[in-house]
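S.K.: Quick one: the structure is below, and I'll ask about it shortly.
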Amino acid sequence: MIEEIITSGRMNPEIDPMLHVWGWEIPFYLFLGGLSAGILIFSAYFTLRNRQDELPIAVKWMPIAVPFLIGIGLISLLLDLSHVLYAWQLFTNIRWESPMSWGAWTLMIITPLSIAWVAIWLEDIFPKWDWKFDEVKATIRWLKEYRRTMAQILILLSIILGMYTGILLSAFNARPFWNTSILGPLFLTSGLSASAALISFFSKTEVEKRLFTRIDIILIGIELFMIIHLFMGHLAGTQVHIQAAHMFLGGAYTVPFWVFVVGLGLLLPVFLEILELKHKFVPAIVPMVLVVAGNLMLRFIVVSAGQASRWLY
Amino acid sequence: MRYAMAVDTKKCVGCSDCVVACQTENNVPIGYCRDWIVEVTTGTYPQLSLEIRSERCNHCANAPCVRTCPTEASHYAAGGIVLVEESECIGCKACITSCPYDARFIHPEGYIDKCTFCIHRVEKGQKPACVAVCPTHAMVFGELDDPNSDISKEMATRKWKSLIPEAGTDPKVFYLI
Ligand code: SF4
Ligand code: SF4
């Protein structure tokens, strides 16, 4: 047998022996970004379908969380920056080749838009709400006229935001595990699934609850399909991609991924949701917590595994 | 103009003089390095072969670190040298995760640091510190486009390779084998 032993004298902190430059901040930020995208997509979509009165939680209530979710996400992104006093440099130009750059710009546009979106529903959900100043009232009236246009823009931007949370990682060919274009759609779908689970949990009416439970079941099905696809792609790839896949097929990530993300985060909740649709009693909080926790786990594991996968030379 | 470096694996003895010279010349913080020694042992005892390489940033012509940088802090300077502008770097580490050679590190002050091909010396007509100090003259630095430069002559007469060219980075540090 021919053996190859590589010894390196390099010992840079956080780089060697295994890359670990991204801790909890980045996966947490990706999770919140995906969740915000999911909530906005459902809200805008069902507005366009004129179902705002039938689905009040999805359309009017859930978006209230979005500015806060994005805010927390941005704080955790800032916490990750090691040269944070220069963070404003992000907004001195747009670099299309860098997902980090256009992602930051997308967030920059979507944040005020999501606040405006929340504002146009406030009078609907709190009948006593008073904007006090005439200028504000006029602005809100004006925004309401453009509700449909806003909804269309929001759907487009939210899809970009949801995809970006995955593309941010898949743009790095230096880390074979991330280097698959399925990560964009996978993270978008899982963000949608977490928001569907939350909407279904908070909804007060049977119609809304059942609709979003059904939507979540379909989304989880798509996610499972994409996960299989991800591994098929890696296993049919080059040696470094095959090695990356093996971290999950016998390697260090096997148990956390298949037990916690796939088992407890996808299969068990989908089973419970099917039972729910069949009118069996399932405490509503259980599938919701499982889906959301699985979502978070997925991002933590993917961010960590990517950094552990590398080219050998 | 296209600067490049060639490291002669048949001459390098792995003494680490280049590593120390770089740390001194560039004030590299203690515990960090911009260049390093890699030893690759292949074969089965007693038929073993050893390759020793002095490695650093490859100043790639298709550099993923420049591509993924959101601020243009990572950029191509004169002669294709890849540099980081400290005052534009936000420390997002996208460049670190995109470098297949792990050639970059986080400077304790927060910005990202790596080999500069000693551009401050090259501009004055001097050789990079590592090249200048090497006791076995294992490294050559120079202009790739000039057929009469030392590096072009070496590469014309010797067999050479670059590291993981299949990563698509078009590296400009070559290894004479
Ligand atoms: S070796 Fe790494 S840091 Fe240097 S130019 Fe290539 S990708 Fe960038
Ligand atoms: S850490 Fe600095 S140099 Fe690297 S990609 Fe981010 S801004 Fe650019």
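Simple scheme: letters A, B, ... for chains in structure tokens order, numbers from 1 for residues in each chain, numbers from 1 for ligands in the order shown.
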List the spatial neighbours of Cys65 (chain B) as a list in words - criterion: any atom at most 9 Å away, only C-alpha atoms, same-chain residues fewer than 4 positions off excluded.
M.R.: Cys69, Ser74, His75, Val82, Ala94, Cys95, Ile96, Thr97, Ser98 and Cys99 of chain B
S.K.: What are the residues of chain B that have an atom within 6 Å of an atom of chain A, counting only C-alpha atoms, as a count of residues only?
M.R.: 23
S.K.: Which residue is closest to Pro29 (chain B)? Choose from B:Cys130, B:Ile106, B:Ala156, B:Cys118 and count only C-alpha atoms.
M.R.: B:Ile106
S.K.: Could you list, as an NGL selection string, every residue within 9 Å of Asn62 (chain B), counting only C-alpha atoms and ignoring same-chain residues fewer than 2 positions away?
M.R.: :B and (59-60 or 64-67 or 168-171)
S.K.: Excluding Phe201 (chain A) and its own-chain neighbours fewer than 3 positions away, which residues fall within 7 Å of it when counting only C-alpha atoms? Please give them as an MDAnalysis selection string.
M.R.: chainID A and resid 197:198 284:285 288
S.K.: Since we have the selection now, will you write its residues out, keeping N, CA and C atoms, as a PDB file, in the first residue's frame?
M.R.:
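Resulting contents of again.pdb:
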```pdb
ATOM      1  N   ALA A 197     -44.827  26.143   9.873  1.00  0.00           N
ATOM      2  CA  ALA A 197     -45.071  25.490  11.167  1.00  0.00           C
ATOM      3  C   ALA A 197     -45.479  26.519  12.222  1.00  0.00           C
ATOM      4  N   LEU A 198     -44.803  27.680  12.214  1.00  0.00           N
ATOM      5  CA  LEU A 198     -45.133  28.717  13.188  1.00  0.00           C
ATOM      6  C   LEU A 198     -46.538  29.271  12.954  1.00  0.00           C
ATOM      7  N   ALA A 284     -50.147  20.873  19.614  1.00  0.00           N
ATOM      8  CA  ALA A 284     -49.700  21.657  18.455  1.00  0.00           C
ATOM      9  C   ALA A 284     -48.273  22.163  18.584  1.00  0.00           C
ATOM     10  N   ILE A 285     -47.832  22.324  19.828  1.00  0.00           N
ATOM     11  CA  ILE A 285     -46.514  22.905  20.006  1.00  0.00           C
ATOM     12  C   ILE A 285     -45.406  21.918  19.596  1.00  0.00           C
ATOM     13  N   MET A 288     -44.275  22.049  15.852  1.00  0.00           N
ATOM     14  CA  MET A 288     -43.703  23.377  15.597  1.00  0.00           C
ATOM     15  C   MET A 288     -42.280  23.458  16.157  1.00  0.00           C
TER      16      MET A 288
END
```
S.K.: Nearest residue to Val28 (chain B) out of B:Cys115, B:Met1, B:Cys89, B:Leu83, using only C-alpha atoms?
M.R.: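 For Val28 (chain B), the nearest of the given residues is B:Cys115.
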